[in-house]
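Have a look at the structure below, then the notes.
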Amino acid sequence: MPKWTTLPRETLRVGAGFDLAELDPSSRPGWDHGRSAGEKRLAKNGERLSALQERLFADGRSGGTRSVLLVLQGMDTAGKGGIVRHVIGLVDPQGVQLHSFGVPTEKERSQHYLQRIREALPTPGHIGVFDRSHYEDVLVVRVNELVPRDVWEERYDEINAFEKEVVDGGTTIVKVALMVSPAEQKARLRERLERPDKYWKYNPGDVDVRAQWPLYQEAYQAVLDRTSTEHAPWYVVPADSKWYARMAVGRLLRDALEDLDLGWPPADFDVEVEKARLDAQPT
Ligand code: AMP
Ligand code: MG
């Protein structure tokens, strides 16, 4: 079975000096094989992911405090939903806590922007998934000047401090930015308009957002420059190949779970006594 030449956590991690303009969204760092080998690799990785997730869940049930949070960002059509379906879909749904963040409701607007995020953080034993996140508060909000500059400027540091607090509480944060090329996005939006089974994914506003592409690139660059920290680094995933993006995110998630190094919780009862009690009962 073909393997990664270099793992995504090494090739995709955002370090100092990262330049989004130099990223080729059609590239497949660390993977020298094709699509069908990639899909097999994802399925295989899914078995491991599922086993690790069960340990995390068992740990949470036994008083453990660990959890994992996958933050998904990207432009429309970048494939956030596909990651949820094809990667998160490989694990037991009872261990997953998924939240999608859209335009804040009136109630959400009346409170601090991180409040709805705090309320959605994964509880011990769970994999939390954010389909969009607090980063919208420095992306769409910055691009459309939904709050004054001095307000969003302060948010980068605030987000770093918030994430530090979350990590210190036992949650591993995996931040993924899915990057499609403008051409691929256009093709995907066009497909949504061609197919009645995809109309529901289309929003006329998507075309207006697309028209602001350079401003979004700038806003993403600022996010990557200012919030890829030691405690919660960003991974930029080239996403023109959906299968590549999925296998890369699957592997990032797996490695985050491997790092927890969880064993199975020991029995909090006497196994021999319980065997004897069970055996003493009629068949
Ligand atoms: P979608 O993920 O395609 O269903 O769309 C959700 C929409 O909600 C996107 O257009 C986001 O930009 C928007 N959104 C998410 N968070 C915020 C926020 N904090 N402020 C304003 N708009 C947001
Ligand atoms: Mg959308």
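In the structure tokens, each chain is lettered A, B, ... as it comes, each chain's residues begin at 1, and ligands are numbered from 1 in order of appearance.
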Output the neighbourhood of ligand 2 as number ranges by chain, that is, all protein and nucleic acid residues with some atom at most 10 Å from the ligand, counting only C-alpha atoms and all ligand atoms. A: 75-78, 80-81, 102, 189, 200-206, 209
Would you tabulate, counting only C-alpha atoms, all residues of segment 176-212 of chain A that have an atom at most 10 Å from an atom of segment 11-28 of chain A, showing the closest pair of atoms and their distance in Å to one decimal, sorted by chain then ascending number, as JSON lines?
```
{"residue": "A:Val176", "atom": "CA", "partner": "A:Leu12", "partner_atom": "CA", "distance": 9.3}
{"residue": "A:Ala177", "atom": "CA", "partner": "A:Leu12", "partner_atom": "CA", "distance": 9.9}
{"residue": "A:Leu178", "atom": "CA", "partner": "A:Pro25", "partner_atom": "CA", "distance": 8.8}
{"residue": "A:Met179", "atom": "CA", "partner": "A:Pro25", "partner_atom": "CA", "distance": 5.9}
{"residue": "A:Val180", "atom": "CA", "partner": "A:Pro25", "partner_atom": "CA", "distance": 5.4}
{"residue": "A:Ser181", "atom": "CA", "partner": "A:Pro25", "partner_atom": "CA", "distance": 5.6}
{"residue": "A:Pro182", "atom": "CA", "partner": "A:Pro25", "partner_atom": "CA", "distance": 9.4}
{"residue": "A:Glu184", "atom": "CA", "partner": "A:Pro25", "partner_atom": "CA", "distance": 9.0}
```
Just all heavy atoms for this one: save the residues we selected as a CSV table (one decimal), in the first residue's frame.
```
chain,number,residue,atom,x,y,z
A,176,VAL,N,-7.2,23.8,10.3
A,176,VAL,CA,-7.0,23.5,8.9
A,176,VAL,C,-7.6,24.6,8.0
A,176,VAL,O,-8.8,24.9,8.2
A,176,VAL,CB,-7.6,22.1,8.6
A,176,VAL,CG1,-7.8,21.9,7.1
A,176,VAL,CG2,-6.9,21.0,9.2
A,177,ALA,N,-6.8,25.1,7.1
A,177,ALA,CA,-7.3,26.1,6.1
A,177,ALA,C,-7.3,25.4,4.8
A,177,ALA,O,-6.2,25.0,4.3
A,177,ALA,CB,-6.5,27.4,6.1
A,178,LEU,N,-8.4,25.2,4.2
A,178,LEU,CA,-8.5,24.5,2.9
A,178,LEU,C,-8.4,25.5,1.8
A,178,LEU,O,-9.2,26.5,1.8
A,178,LEU,CB,-9.8,23.7,2.8
A,178,LEU,CG,-10.1,22.6,3.8
A,178,LEU,CD1,-11.5,22.2,3.8
A,178,LEU,CD2,-9.2,21.4,3.5
A,179,MET,N,-7.5,25.4,0.9
A,179,MET,CA,-7.3,26.4,-0.1
A,179,MET,C,-7.6,25.9,-1.5
A,179,MET,O,-6.8,25.0,-2.0
A,179,MET,CB,-5.8,26.9,0.0
A,179,MET,CG,-5.5,27.6,1.2
A,179,MET,SD,-6.5,29.2,1.3
A,179,MET,CE,-6.2,29.6,3.1
A,180,VAL,N,-8.6,26.4,-2.1
A,180,VAL,CA,-8.9,26.1,-3.5
A,180,VAL,C,-8.4,27.3,-4.4
A,180,VAL,O,-8.3,28.4,-4.0
A,180,VAL,CB,-10.4,25.9,-3.9
A,180,VAL,CG1,-10.9,24.6,-3.5
A,180,VAL,CG2,-11.2,27.0,-3.2
A,181,SER,N,-8.1,27.0,-5.7
A,181,SER,CA,-7.7,28.0,-6.6
A,181,SER,C,-9.0,28.7,-7.1
A,181,SER,O,-10.1,28.2,-7.0
A,181,SER,CB,-7.0,27.5,-7.8
A,181,SER,OG,-7.9,26.6,-8.5
A,182,PRO,N,-8.9,30.0,-7.5
A,182,PRO,CA,-10.1,30.7,-8.1
A,182,PRO,C,-10.8,29.9,-9.2
A,182,PRO,O,-12.0,29.8,-9.3
A,182,PRO,CB,-9.6,32.0,-8.5
A,182,PRO,CG,-8.3,32.2,-7.8
A,182,PRO,CD,-7.7,30.8,-7.5
A,184,GLU,N,-10.8,26.6,-9.7
A,184,GLU,CA,-11.5,25.4,-9.2
A,184,GLU,C,-12.8,25.9,-8.5
A,184,GLU,O,-13.8,25.2,-8.6
A,184,GLU,CB,-10.5,24.7,-8.3
A,184,GLU,CG,-11.2,23.4,-7.6
A,184,GLU,CD,-11.5,22.3,-8.6
A,184,GLU,OE1,-11.0,22.3,-9.7
A,184,GLU,OE2,-12.4,21.5,-8.2
```
Environment of ligand 1 within 6 Å, counting only C-alpha atoms and all ligand atoms, reported as a list in words: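 Protein and nucleic-acid residues within 6 Å of ligand 1: Asp76, Phe101, Gly102, Val103, Pro104, Glu136, Asp137, Val140 and Val141 of chain A.
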DSSP strand (DSSP E) residues within segment 168-261 of chain A, listed as a list in words: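 Filtering segment 168-261 of chain A to strand (DSSP E) leaves Thr171, Thr172, Ile173, Val174, Lys175, Val176, Ala177, Leu178, Met179, Trp234, Tyr235, Val236, Val237 and Pro238 of chain A.
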Can I get the selected residues back with all heavy atoms, as a short mmCIF file (atom, residue, chain, number, x, y, z; two decimals), in the first residue's frame?
```
data_model
loop_
_atom_site.label_atom_id
_atom_site.label_comp_id
_atom_site.auth_asym_id
_atom_site.auth_seq_id
_atom_site.Cartn_x
_atom_site.Cartn_y
_atom_site.Cartn_z
N THR A 171 -7.52 20.32 25.54
CA THR A 171 -8.00 20.14 24.16
C THR A 171 -6.88 20.39 23.16
O THR A 171 -6.25 21.44 23.17
CB THR A 171 -9.15 21.15 23.88
OG1 THR A 171 -10.19 20.94 24.83
CG2 THR A 171 -9.71 20.98 22.47
N THR A 172 -6.63 19.41 22.30
CA THR A 172 -5.67 19.61 21.21
C THR A 172 -6.41 20.30 20.07
O THR A 172 -7.47 19.84 19.65
CB THR A 172 -5.16 18.25 20.70
OG1 THR A 172 -4.52 17.57 21.78
CG2 THR A 172 -4.18 18.43 19.55
N ILE A 173 -5.87 21.41 19.59
CA ILE A 173 -6.53 22.13 18.49
C ILE A 173 -5.77 21.88 17.19
O ILE A 173 -4.56 22.07 17.11
CB ILE A 173 -6.58 23.65 18.78
CG1 ILE A 173 -7.28 23.94 20.12
CG2 ILE A 173 -7.30 24.38 17.65
CD1 ILE A 173 -7.37 25.43 20.47
N VAL A 174 -6.51 21.44 16.18
CA VAL A 174 -5.95 21.22 14.85
C VAL A 174 -6.65 22.20 13.90
O VAL A 174 -7.85 22.07 13.64
CB VAL A 174 -6.18 19.78 14.37
CG1 VAL A 174 -5.58 19.56 12.99
CG2 VAL A 174 -5.61 18.77 15.37
N LYS A 175 -5.91 23.19 13.43
CA LYS A 175 -6.52 24.23 12.58
C LYS A 175 -6.16 23.98 11.11
O LYS A 175 -4.98 23.94 10.77
CB LYS A 175 -6.05 25.61 13.02
CG LYS A 175 -6.42 25.91 14.49
CD LYS A 175 -6.19 27.35 14.87
CE LYS A 175 -4.74 27.75 14.92
NZ LYS A 175 -4.52 29.03 15.66
N VAL A 176 -7.19 23.84 10.31
CA VAL A 176 -7.00 23.52 8.91
C VAL A 176 -7.62 24.59 8.01
O VAL A 176 -8.80 24.92 8.15
CB VAL A 176 -7.65 22.15 8.59
CG1 VAL A 176 -7.78 21.94 7.10
CG2 VAL A 176 -6.85 21.01 9.23
N ALA A 177 -6.81 25.14 7.12
CA ALA A 177 -7.31 26.09 6.11
C ALA A 177 -7.26 25.38 4.76
O ALA A 177 -6.18 25.02 4.29
CB ALA A 177 -6.46 27.36 6.09
N LEU A 178 -8.43 25.15 4.18
CA LEU A 178 -8.51 24.48 2.88
C LEU A 178 -8.44 25.54 1.80
O LEU A 178 -9.21 26.49 1.80
CB LEU A 178 -9.84 23.72 2.77
CG LEU A 178 -10.05 22.60 3.78
CD1 LEU A 178 -11.53 22.17 3.80
CD2 LEU A 178 -9.17 21.40 3.46
N MET A 179 -7.48 25.37 0.89
CA MET A 179 -7.26 26.39 -0.12
C MET A 179 -7.55 25.89 -1.53
O MET A 179 -6.84 25.02 -2.03
CB MET A 179 -5.81 26.89 -0.05
CG MET A 179 -5.50 27.63 1.24
SD MET A 179 -6.49 29.16 1.35
CE MET A 179 -6.24 29.59 3.07
N TRP A 234 -1.45 26.41 12.45
CA TRP A 234 -2.30 26.22 11.27
C TRP A 234 -1.66 25.22 10.31
O TRP A 234 -0.43 25.16 10.19
CB TRP A 234 -2.45 27.55 10.51
CG TRP A 234 -3.56 28.41 11.03
CD1 TRP A 234 -3.43 29.50 11.84
CD2 TRP A 234 -4.96 28.25 10.78
NE1 TRP A 234 -4.67 30.03 12.11
CE2 TRP A 234 -5.63 29.27 11.47
CE3 TRP A 234 -5.72 27.33 10.04
CZ2 TRP A 234 -7.02 29.40 11.45
CZ3 TRP A 234 -7.10 27.46 10.01
CH2 TRP A 234 -7.74 28.49 10.71
N TYR A 235 -2.51 24.51 9.62
CA TYR A 235 -2.09 23.66 8.51
C TYR A 235 -2.83 24.15 7.28
O TYR A 235 -4.06 24.23 7.30
CB TYR A 235 -2.41 22.19 8.77
CG TYR A 235 -1.65 21.66 9.97
CD1 TYR A 235 -2.21 21.70 11.25
CD2 TYR A 235 -0.35 21.17 9.82
CE1 TYR A 235 -1.51 21.26 12.35
CE2 TYR A 235 0.36 20.73 10.92
CZ TYR A 235 -0.22 20.77 12.19
OH TYR A 235 0.49 20.34 13.29
N VAL A 236 -2.10 24.52 6.26
CA VAL A 236 -2.73 24.94 5.01
C VAL A 236 -2.77 23.75 4.06
O VAL A 236 -1.72 23.17 3.73
CB VAL A 236 -1.99 26.14 4.39
CG1 VAL A 236 -2.45 26.37 2.94
CG2 VAL A 236 -2.25 27.40 5.21
N VAL A 237 -3.97 23.38 3.67
CA VAL A 237 -4.16 22.17 2.86
C VAL A 237 -4.58 22.55 1.44
O VAL A 237 -5.65 23.12 1.24
CB VAL A 237 -5.24 21.27 3.50
CG1 VAL A 237 -5.49 20.03 2.64
CG2 VAL A 237 -4.83 20.87 4.93
N PRO A 238 -3.73 22.24 0.44
CA PRO A 238 -4.13 22.48 -0.94
C PRO A 238 -5.37 21.63 -1.23
O PRO A 238 -5.36 20.43 -0.97
CB PRO A 238 -2.94 22.00 -1.77
CG PRO A 238 -1.78 21.92 -0.81
CD PRO A 238 -2.39 21.62 0.53
#
```
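With only C-alpha atoms as the atoms that count, the residue of A:Lys198, A:Lys107, A:Lys3, A:Arg142 with the shortest distance to Ala37 of chain A is A:Lys3.
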Report as a PyMOL selection string all protein, DNA and RNA residues lying within 10 Å of Val249 of chain A, evaluated on only C-alpha atoms, omitting residues in the same chain fewer than 2 positions from it. chain A and resi 8-9+42+70+72+83+87-88+174-176+178+235-237+244-247+251-255
Residue neighbourhood Ile117 of chain A, 9 Å, only C-alpha atoms, exclusion window fewer than 6 positions, as a list in words: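 Final neighbour list, sorted by chain and number: Phe101, Phe130, Ser133 and His134 of chain A.
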Do a neighbour search on segment 256-268 of chain A at 8 Å with only C-alpha atoms, toss out local chain neighbours closer than 2 positions, and write the hits as a PyMOL selection string. chain A and resi 49+52-53+55-56+58-59+62+66+68+172+174+252-254+270-271
Would you save the residues of that selection, restricted to all heavy atoms, as a compact mmCIF listing (two decimals), in the first residue's frame?
```txt
# COMPACT_ATOMS: atom_id res chain seq x y z
N LEU A 49 -7.97 5.81 12.84
CA LEU A 49 -8.65 6.99 13.39
C LEU A 49 -9.81 6.56 14.29
O LEU A 49 -10.00 7.06 15.39
CB LEU A 49 -9.19 7.80 12.20
CG LEU A 49 -9.47 9.27 12.35
CD1 LEU A 49 -8.24 10.01 12.84
CD2 LEU A 49 -9.90 9.84 11.00
N LEU A 52 -8.56 5.01 17.53
CA LEU A 52 -8.04 6.04 18.44
C LEU A 52 -9.19 6.85 19.06
O LEU A 52 -9.15 7.22 20.22
CB LEU A 52 -7.10 6.97 17.68
CG LEU A 52 -5.75 6.37 17.30
CD1 LEU A 52 -5.07 7.23 16.23
CD2 LEU A 52 -4.85 6.24 18.53
N GLN A 53 -10.19 7.12 18.23
CA GLN A 53 -11.32 7.89 18.73
C GLN A 53 -12.07 7.12 19.82
O GLN A 53 -12.53 7.71 20.79
CB GLN A 53 -12.25 8.21 17.57
CG GLN A 53 -13.40 9.11 17.95
CD GLN A 53 -14.73 8.38 17.87
OE1 GLN A 53 -14.80 7.24 17.42
NE2 GLN A 53 -15.77 9.04 18.32
N ARG A 55 -10.77 5.12 21.93
CA ARG A 55 -9.97 5.27 23.17
C ARG A 55 -10.21 6.62 23.82
O ARG A 55 -10.31 6.74 25.03
CB ARG A 55 -8.48 5.16 22.87
CG ARG A 55 -8.06 3.76 22.64
CD ARG A 55 -6.55 3.71 22.55
NE ARG A 55 -6.20 2.43 21.97
CZ ARG A 55 -5.20 1.66 22.38
NH1 ARG A 55 -4.41 2.08 23.35
NH2 ARG A 55 -4.95 0.52 21.81
N LEU A 56 -10.28 7.63 22.97
CA LEU A 56 -10.54 8.98 23.50
C LEU A 56 -11.90 9.01 24.20
O LEU A 56 -12.04 9.55 25.30
CB LEU A 56 -10.50 9.99 22.35
CG LEU A 56 -10.84 11.44 22.69
CD1 LEU A 56 -9.83 12.02 23.70
CD2 LEU A 56 -10.87 12.32 21.44
N ALA A 58 -13.57 6.47 25.46
CA ALA A 58 -13.50 5.66 26.68
C ALA A 58 -12.80 6.44 27.79
O ALA A 58 -13.23 6.43 28.95
CB ALA A 58 -12.74 4.36 26.40
N ASP A 59 -11.75 7.17 27.41
CA ASP A 59 -11.01 7.97 28.38
C ASP A 59 -11.91 9.04 29.00
O ASP A 59 -11.90 9.27 30.21
CB ASP A 59 -9.81 8.61 27.67
CG ASP A 59 -8.92 9.39 28.63
OD1 ASP A 59 -8.23 8.74 29.45
OD2 ASP A 59 -8.92 10.63 28.57
N SER A 62 -14.21 7.80 31.55
CA SER A 62 -13.55 7.35 32.77
C SER A 62 -12.87 8.50 33.51
O SER A 62 -11.89 8.29 34.22
CB SER A 62 -12.52 6.28 32.43
OG SER A 62 -13.07 5.35 31.55
N ARG A 66 -9.18 14.91 28.20
CA ARG A 66 -8.69 15.25 26.87
C ARG A 66 -9.81 15.32 25.83
O ARG A 66 -10.79 14.59 25.91
CB ARG A 66 -7.64 14.23 26.40
CG ARG A 66 -6.52 13.95 27.38
CD ARG A 66 -5.80 15.22 27.84
NE ARG A 66 -5.38 16.07 26.74
CZ ARG A 66 -4.20 16.02 26.16
NH1 ARG A 66 -3.30 15.16 26.56
NH2 ARG A 66 -3.89 16.86 25.18
N VAL A 68 -10.23 16.76 21.34
CA VAL A 68 -9.56 17.28 20.14
C VAL A 68 -10.54 18.18 19.42
O VAL A 68 -11.73 17.87 19.34
CB VAL A 68 -9.11 16.11 19.22
CG1 VAL A 68 -8.57 16.64 17.90
CG2 VAL A 68 -8.06 15.24 19.91
N THR A 172 -6.63 19.41 22.30
CA THR A 172 -5.67 19.61 21.21
C THR A 172 -6.41 20.30 20.07
O THR A 172 -7.47 19.84 19.65
CB THR A 172 -5.16 18.25 20.70
OG1 THR A 172 -4.52 17.57 21.78
CG2 THR A 172 -4.18 18.43 19.55
N VAL A 174 -6.51 21.44 16.18
CA VAL A 174 -5.95 21.22 14.85
C VAL A 174 -6.65 22.20 13.90
O VAL A 174 -7.85 22.07 13.64
CB VAL A 174 -6.18 19.78 14.37
CG1 VAL A 174 -5.58 19.56 12.99
CG2 VAL A 174 -5.61 18.77 15.37
N LEU A 252 -3.74 14.34 9.65
CA LEU A 252 -3.48 15.35 10.69
C LEU A 252 -4.26 15.00 11.96
O LEU A 252 -3.73 15.09 13.08
CB LEU A 252 -3.89 16.75 10.20
CG LEU A 252 -3.01 17.38 9.12
CD1 LEU A 252 -3.68 18.65 8.58
CD2 LEU A 252 -1.62 17.70 9.66
N LEU A 253 -5.50 14.61 11.75
CA LEU A 253 -6.35 14.28 12.89
C LEU A 253 -5.83 13.03 13.59
O LEU A 253 -5.75 12.97 14.82
CB LEU A 253 -7.77 14.06 12.38
CG LEU A 253 -8.89 14.04 13.41
CD1 LEU A 253 -8.89 15.32 14.23
CD2 LEU A 253 -10.23 13.86 12.71
N ARG A 254 -5.46 12.04 12.79
CA ARG A 254 -4.92 10.81 13.38
C ARG A 254 -3.68 11.11 14.22
O ARG A 254 -3.55 10.63 15.34
CB ARG A 254 -4.55 9.83 12.27
CG ARG A 254 -3.74 8.68 12.81
CD ARG A 254 -3.32 7.73 11.73
NE ARG A 254 -2.24 6.88 12.21
CZ ARG A 254 -1.66 5.94 11.49
NH1 ARG A 254 -2.04 5.73 10.25
NH2 ARG A 254 -0.68 5.23 11.99
N ASP A 270 -13.64 -5.45 40.22
CA ASP A 270 -12.79 -6.63 40.26
C ASP A 270 -13.24 -7.59 39.16
O ASP A 270 -14.32 -8.20 39.25
CB ASP A 270 -12.89 -7.28 41.65
CG ASP A 270 -11.90 -8.44 41.80
OD1 ASP A 270 -11.68 -9.17 40.80
OD2 ASP A 270 -11.36 -8.60 42.91
N VAL A 271 -12.44 -7.74 38.13
CA VAL A 271 -12.83 -8.54 36.96
C VAL A 271 -13.14 -9.98 37.36
O VAL A 271 -14.14 -10.56 36.92
CB VAL A 271 -11.72 -8.49 35.89
CG1 VAL A 271 -12.08 -9.38 34.70
CG2 VAL A 271 -11.50 -7.06 35.41
```
Can you list, as a PyMOL selection string, every protein, DNA or RNA residue that comes within 7 Å of Gly128 of chain A when you count only C-alpha atoms, leaving out same-chain residues fewer than 2 positions away? chain A and resi 68-70+96-98+121-122+126+130
Go ahead and dump the residues you just picked, N, CA, C and O atoms, as a PDB file, in the first residue's frame.
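Dumped everything to result.pdb:
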```pdb
ATOM      1  N   VAL A  68     -10.231  16.763  21.343  1.00  0.00           N
ATOM      2  CA  VAL A  68      -9.559  17.278  20.145  1.00  0.00           C
ATOM      3  C   VAL A  68     -10.537  18.184  19.417  1.00  0.00           C
ATOM      4  O   VAL A  68     -11.728  17.875  19.335  1.00  0.00           O
ATOM      5  N   LEU A  69     -10.034  19.315  18.944  1.00  0.00           N
ATOM      6  CA  LEU A  69     -10.897  20.227  18.184  1.00  0.00           C
ATOM      7  C   LEU A  69     -10.308  20.464  16.797  1.00  0.00           C
ATOM      8  O   LEU A  69      -9.185  20.953  16.661  1.00  0.00           O
ATOM      9  N   LEU A  70     -11.078  20.091  15.788  1.00  0.00           N
ATOM     10  CA  LEU A  70     -10.682  20.345  14.402  1.00  0.00           C
ATOM     11  C   LEU A  70     -11.396  21.606  13.929  1.00  0.00           C
ATOM     12  O   LEU A  70     -12.629  21.651  13.895  1.00  0.00           O
ATOM     13  N   VAL A  96     -18.480  12.521  18.323  1.00  0.00           N
ATOM     14  CA  VAL A  96     -18.232  13.745  17.559  1.00  0.00           C
ATOM     15  C   VAL A  96     -19.193  14.862  17.970  1.00  0.00           C
ATOM     16  O   VAL A  96     -20.380  14.621  18.169  1.00  0.00           O
ATOM     17  N   GLN A  97     -18.676  16.046  18.115  1.00  0.00           N
ATOM     18  CA  GLN A  97     -19.531  17.210  18.386  1.00  0.00           C
ATOM     19  C   GLN A  97     -19.268  18.248  17.298  1.00  0.00           C
ATOM     20  O   GLN A  97     -18.241  18.911  17.281  1.00  0.00           O
ATOM     21  N   LEU A  98     -20.192  18.321  16.368  1.00  0.00           N
ATOM     22  CA  LEU A  98     -20.037  19.180  15.190  1.00  0.00           C
ATOM     23  C   LEU A  98     -20.819  20.480  15.344  1.00  0.00           C
ATOM     24  O   LEU A  98     -21.978  20.462  15.737  1.00  0.00           O
ATOM     25  N   LEU A 121     -17.305  24.337  22.479  1.00  0.00           N
ATOM     26  CA  LEU A 121     -16.051  23.582  22.631  1.00  0.00           C
ATOM     27  C   LEU A 121     -16.340  22.127  22.989  1.00  0.00           C
ATOM     28  O   LEU A 121     -17.310  21.835  23.684  1.00  0.00           O
ATOM     29  N   PRO A 122     -15.515  21.196  22.498  1.00  0.00           N
ATOM     30  CA  PRO A 122     -15.778  19.786  22.778  1.00  0.00           C
ATOM     31  C   PRO A 122     -15.632  19.468  24.270  1.00  0.00           C
ATOM     32  O   PRO A 122     -14.765  20.020  24.946  1.00  0.00           O
ATOM     33  N   HIS A 126     -14.379  13.815  23.424  1.00  0.00           N
ATOM     34  CA  HIS A 126     -14.973  14.059  22.114  1.00  0.00           C
ATOM     35  C   HIS A 126     -14.024  14.704  21.107  1.00  0.00           C
ATOM     36  O   HIS A 126     -13.073  15.379  21.481  1.00  0.00           O
ATOM     37  N   PHE A 130     -15.380  22.284  14.070  1.00  0.00           N
ATOM     38  CA  PHE A 130     -15.962  23.592  13.748  1.00  0.00           C
ATOM     39  C   PHE A 130     -15.933  23.788  12.240  1.00  0.00           C
ATOM     40  O   PHE A 130     -14.854  23.859  11.633  1.00  0.00           O
TER      41      PHE A 130
END
```
With only C-alpha atoms as the atoms that count, which of A:Ser110, A:Pro93, A:Ser36, A:Tyr135 lies nearest to Tyr216 of chain A?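 Nearest to Tyr216 of chain A: A:Tyr135.
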Residue neighbourhood His99 of chain A, 7 Å, only C-alpha atoms, exclusion window fewer than 5 positions, as a list of chain:residue names: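 Returned residues: A:Ala120, A:Val129, A:Phe130, A:Asp131.
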Kindly indicate which residue among A:Lys40, A:Phe162, A:Pro2, A:Pro282 lies nearest to Gln115 of chain A, using only C-alpha atoms for the distances.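 Of the candidates, the smallest distance to Gln115 of chain A is held by A:Phe162.
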So how far away is atom CA of Ile127 of chain A from atom CA of Asp92 of chain A, in Å?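 Computed distance, atom CA of Asp92 of chain A to atom CA of Ile127 of chain A, equals 10.1 Å.
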Which is closer to Thr6 of chain A than all the others in A:Ala248, A:Val151, A:Val207, A:Ala239, using only C-alpha atoms?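 For Thr6 of chain A, the nearest of the candidates is A:Ala248.
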Gap from atom CA of Arg85 of chain A to atom CA of Gln73 of chain A - Å, one decimal: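 Calculated distance between atom CA of Arg85 of chain A and atom CA of Gln73 of chain A is 15.4 Å.
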DSSP-assigned alpha helix (DSSP H) members of segment 100-138 of chain A, reported as a list of chain:residue names: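 Alpha helix (DSSP H) members of segment 100-138 of chain A, listed: A:Glu106, A:Lys107, A:Glu108, A:Arg109, A:Gln115, A:Arg116, A:Ile117, A:Arg118, A:Glu119, A:Ala120.
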Take the residues from that selection and write them out as a short mmCIF file (atom, residue, chain, number, x, y, z; two decimals), in the first residue's frame, keeping N, CA, C and O atoms.
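New file again16.cif:
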```cif
data_model
loop_
_atom_site.label_atom_id
_atom_site.label_comp_id
_atom_site.auth_asym_id
_atom_site.auth_seq_id
_atom_site.Cartn_x
_atom_site.Cartn_y
_atom_site.Cartn_z
N GLU A 106 -29.13 37.44 16.28
CA GLU A 106 -29.25 38.69 17.03
C GLU A 106 -28.70 38.51 18.46
O GLU A 106 -27.96 39.35 18.96
N LYS A 107 -29.05 37.37 19.04
CA LYS A 107 -28.58 37.09 20.40
C LYS A 107 -27.04 36.97 20.42
O LYS A 107 -26.38 37.53 21.29
N GLU A 108 -26.49 36.27 19.44
CA GLU A 108 -25.04 36.10 19.38
C GLU A 108 -24.34 37.44 19.16
O GLU A 108 -23.26 37.68 19.69
N ARG A 109 -24.97 38.30 18.40
CA ARG A 109 -24.37 39.62 18.14
C ARG A 109 -24.33 40.49 19.38
O ARG A 109 -23.50 41.38 19.49
N GLN A 115 -18.10 34.04 22.68
CA GLN A 115 -19.05 33.34 23.54
C GLN A 115 -19.67 32.11 22.88
O GLN A 115 -19.70 31.02 23.44
N ARG A 116 -20.11 32.26 21.65
CA ARG A 116 -20.75 31.10 20.99
C ARG A 116 -19.72 30.00 20.71
O ARG A 116 -20.06 28.82 20.63
N ILE A 117 -18.47 30.41 20.58
CA ILE A 117 -17.40 29.45 20.36
C ILE A 117 -17.15 28.66 21.65
O ILE A 117 -17.07 27.43 21.64
N ARG A 118 -17.05 29.38 22.75
CA ARG A 118 -16.85 28.71 24.06
C ARG A 118 -17.93 27.68 24.32
O ARG A 118 -17.66 26.57 24.79
N GLU A 119 -19.15 28.05 24.01
CA GLU A 119 -20.28 27.15 24.27
C GLU A 119 -20.23 25.89 23.42
O GLU A 119 -20.86 24.89 23.73
N ALA A 120 -19.48 25.97 22.32
CA ALA A 120 -19.43 24.83 21.39
C ALA A 120 -18.17 23.98 21.54
O ALA A 120 -17.99 23.01 20.81
#
```
For the atom pair atom CA of Gly82 of chain A and atom CA of Gly34 of chain A, what is the interatomic distance in Å to one decimal place?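 Rounded to one decimal, the two atoms are 18.9 Å apart.
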Point out the residue among A:Asp208, A:Thr123, A:Val71, A:Leu224 with the least atom-to-atom distance to Gly170 of chain A, counting only C-alpha atoms.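 Of all the options, A:Thr123 lies closest to Gly170 of chain A.
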